[in-house]
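Below: one structure, written as structure tokens.
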Amino acid sequence: MATTAPAKVKPKFDAKEASERLHNAIEGTRTEEQVLIDVLTAANSEERTELKYTYKILYEKNLVDAIAGDKFHLGDYQKACIGLLKSQPDFDAECARFALSNAPSIDENALIDVICSSGTEEIVAMTEAYNKLYERNLEEDVKNGTEGDLQKVLMALLKQVGQTERSWISRLLKPMQLNCMVTEK
């Protein structure tokens with residue numbers, strides 16, 4: 001008979017202690033990468049938001065700016081650390097913008113990933129973040145950056161905002177003349 005180890009209980013998150021660890025790791029003569037990795041990946045999104053706020057209060061400096069100012073670690077490591085500190089809508093908006101920024105040869109796979117993996121609420125939040133961050137309209141950028149069937153699918157997903165999942169599915173299936181019984185709530 002196999003025995004299983006008891007599940008580990010995650011210790012209560014302490015934003016002040018985490019802020020102090022990050023500050024000491026960043027402000028030293030050399031950034032301690034493992035401390036940043038340990039602290040940022042151990043916290044969930046809500047805890048990282050609390051961490052940013054606490055860091056700002058304690059050190060009168062934005063945590064993202066502190067990490068961005070790290071002259072020893074530029075590139076992907078730094079981008080990943082900063083990415084962990086972004087809200088999900090902002091991060092998704094940035095991914096969408098990056099995917100669309102190389103028009104006419106956009107990164108279709110990245111665009112598919114960020115839009116198709118999102119639910120209605122996430123699409124609403126991402127669209128609002130995109131429009132605010134870039135002062136551009138996500139729906140228009142997708143429409144202008146894509147074509148054919150990909151454009152139809154992505155536009156249908158973006159237009160679903162404010163509608164139920166079943167409603168947009170029935171709209172997609174209707175042009176295909178499929179006799180499906182999808183009822184709306």
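We label chains A, B, ... in the order they appear in the structure tokens, count residues from 1 in each chain, and number ligands from 1 in the order shown.
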Checklist line | Exercise: region 102-117 of chain A partners within 9 Å, only C-alpha atoms, chain neighbours under 4 positions left out, as a PyMOL selection string | finding: chain A and resi 92-93+95-98+122-123+126+142+144-146+150+153-154+157-158
Note to self: When you look at Leu133 (chain A) with a cut-off of 9 Å (counting only C-alpha atoms), what residues show up, excluding the ones that are within fewer than 5 positions of it in the same chain? I need them as a ChimeraX atom specification.
What the structure shows: /A:90,93-94,128
Notebook entry, point to check: Which residues in region 44-109 of chain A does DSSP call alpha helix (DSSP H)? List them as a PyMOL selection string.
Noted result: chain A and resi 45-59+63-68+76-84+88-100+108-109
Only N, CA and C atoms, please: the residues just picked out, written as a short mmCIF file (atom, residue, chain, number, x, y, z; two decimals), in the first residue's frame.
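part_18.cif written:
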data_model
loop_
_atom_site.label_atom_id
_atom_site.label_comp_id
_atom_site.auth_asym_id
_atom_site.auth_seq_id
_atom_site.Cartn_x
_atom_site.Cartn_y
_atom_site.Cartn_z
N SER A 45 -0.58 36.23 -8.34
CA SER A 45 -0.80 37.55 -8.95
C SER A 45 -1.25 38.59 -7.94
N GLU A 46 -2.20 38.24 -7.08
CA GLU A 46 -2.68 39.19 -6.07
C GLU A 46 -1.58 39.57 -5.10
N GLU A 47 -0.77 38.60 -4.70
CA GLU A 47 0.33 38.86 -3.78
C GLU A 47 1.40 39.73 -4.42
N ARG A 48 1.64 39.52 -5.72
CA ARG A 48 2.62 40.37 -6.41
C ARG A 48 2.12 41.81 -6.52
N THR A 49 0.81 41.99 -6.66
CA THR A 49 0.23 43.34 -6.67
C THR A 49 0.45 43.99 -5.31
N GLU A 50 0.20 43.25 -4.25
CA GLU A 50 0.44 43.75 -2.89
C GLU A 50 1.93 44.05 -2.69
N LEU A 51 2.77 43.21 -3.23
CA LEU A 51 4.21 43.39 -3.14
C LEU A 51 4.67 44.69 -3.80
N LYS A 52 4.15 44.97 -4.99
CA LYS A 52 4.49 46.22 -5.68
C LYS A 52 4.10 47.43 -4.84
N TYR A 53 2.91 47.38 -4.27
CA TYR A 53 2.40 48.48 -3.44
C TYR A 53 3.27 48.66 -2.20
N THR A 54 3.58 47.57 -1.52
CA THR A 54 4.38 47.62 -0.29
C THR A 54 5.79 48.11 -0.60
N TYR A 55 6.38 47.64 -1.67
CA TYR A 55 7.73 48.07 -2.06
C TYR A 55 7.75 49.58 -2.29
N LYS A 56 6.74 50.08 -2.97
CA LYS A 56 6.65 51.52 -3.27
C LYS A 56 6.56 52.32 -1.97
N ILE A 57 5.80 51.85 -1.00
CA ILE A 57 5.64 52.55 0.28
C ILE A 57 6.96 52.52 1.06
N LEU A 58 7.59 51.37 1.11
CA LEU A 58 8.82 51.22 1.91
C LEU A 58 10.01 51.96 1.31
N TYR A 59 10.14 51.93 0.00
CA TYR A 59 11.36 52.44 -0.63
C TYR A 59 11.13 53.63 -1.55
N LEU A 63 8.77 49.07 -7.96
CA LEU A 63 9.51 47.81 -8.05
C LEU A 63 9.87 47.48 -9.49
N VAL A 64 8.98 47.74 -10.42
CA VAL A 64 9.28 47.48 -11.83
C VAL A 64 10.47 48.33 -12.28
N ASP A 65 10.48 49.61 -11.86
CA ASP A 65 11.61 50.49 -12.20
C ASP A 65 12.91 50.00 -11.57
N ALA A 66 12.82 49.50 -10.35
CA ALA A 66 14.02 48.98 -9.67
C ALA A 66 14.60 47.80 -10.44
N ILE A 67 13.74 46.90 -10.89
CA ILE A 67 14.21 45.74 -11.66
C ILE A 67 14.68 46.18 -13.05
N ALA A 68 13.95 47.10 -13.66
CA ALA A 68 14.32 47.58 -14.99
C ALA A 68 15.66 48.32 -14.95
N ASP A 76 16.03 38.83 -21.52
CA ASP A 76 14.89 37.97 -21.23
C ASP A 76 14.65 37.75 -19.73
N TYR A 77 15.70 37.59 -18.95
CA TYR A 77 15.55 37.41 -17.50
C TYR A 77 14.83 38.61 -16.90
N GLN A 78 15.30 39.78 -17.25
CA GLN A 78 14.70 41.02 -16.74
C GLN A 78 13.25 41.16 -17.22
N LYS A 79 13.00 40.84 -18.49
CA LYS A 79 11.64 40.90 -19.03
C LYS A 79 10.71 39.95 -18.30
N ALA A 80 11.21 38.76 -17.98
CA ALA A 80 10.39 37.78 -17.27
C ALA A 80 10.04 38.27 -15.87
N CYS A 81 11.01 38.83 -15.17
CA CYS A 81 10.75 39.37 -13.82
C CYS A 81 9.72 40.50 -13.89
N ILE A 82 9.88 41.39 -14.83
CA ILE A 82 8.95 42.51 -14.98
C ILE A 82 7.58 41.99 -15.41
N GLY A 83 7.55 41.00 -16.28
CA GLY A 83 6.29 40.40 -16.71
C GLY A 83 5.50 39.81 -15.55
N LEU A 84 6.20 39.24 -14.59
CA LEU A 84 5.53 38.69 -13.42
C LEU A 84 4.84 39.76 -12.59
N GLN A 88 -2.61 40.67 -15.29
CA GLN A 88 -2.89 39.78 -16.42
C GLN A 88 -3.41 40.53 -17.65
N PRO A 89 -4.36 41.47 -17.48
CA PRO A 89 -4.82 42.21 -18.66
C PRO A 89 -3.71 43.01 -19.34
N ASP A 90 -2.85 43.65 -18.56
CA ASP A 90 -1.73 44.40 -19.14
C ASP A 90 -0.76 43.48 -19.87
N PHE A 91 -0.48 42.33 -19.27
CA PHE A 91 0.43 41.38 -19.89
C PHE A 91 -0.14 40.84 -21.19
N ASP A 92 -1.44 40.49 -21.17
CA ASP A 92 -2.09 40.00 -22.39
C ASP A 92 -2.12 41.08 -23.47
N ALA A 93 -2.39 42.32 -23.06
CA ALA A 93 -2.41 43.43 -24.02
C ALA A 93 -1.03 43.61 -24.64
N GLU A 94 0.00 43.50 -23.82
CA GLU A 94 1.37 43.64 -24.34
C GLU A 94 1.69 42.51 -25.32
N CYS A 95 1.26 41.30 -25.00
CA CYS A 95 1.48 40.16 -25.92
C CYS A 95 0.76 40.39 -27.24
N ALA A 96 -0.48 40.87 -27.16
CA ALA A 96 -1.24 41.15 -28.39
C ALA A 96 -0.55 42.23 -29.21
N ARG A 97 -0.10 43.28 -28.55
CA ARG A 97 0.57 44.38 -29.25
C ARG A 97 1.86 43.89 -29.91
N PHE A 98 2.62 43.10 -29.19
CA PHE A 98 3.86 42.55 -29.74
C PHE A 98 3.55 41.69 -30.97
N ALA A 99 2.51 40.87 -30.87
CA ALA A 99 2.14 40.00 -32.00
C ALA A 99 1.72 40.80 -33.22
N LEU A 100 1.07 41.93 -32.98
CA LEU A 100 0.57 42.77 -34.08
C LEU A 100 1.59 43.79 -34.58
N GLU A 108 1.15 35.35 -35.83
CA GLU A 108 -0.20 34.81 -35.74
C GLU A 108 -0.35 33.85 -34.58
N ASN A 109 0.67 33.03 -34.31
CA ASN A 109 0.58 32.07 -33.22
C ASN A 109 0.44 32.76 -31.87
#
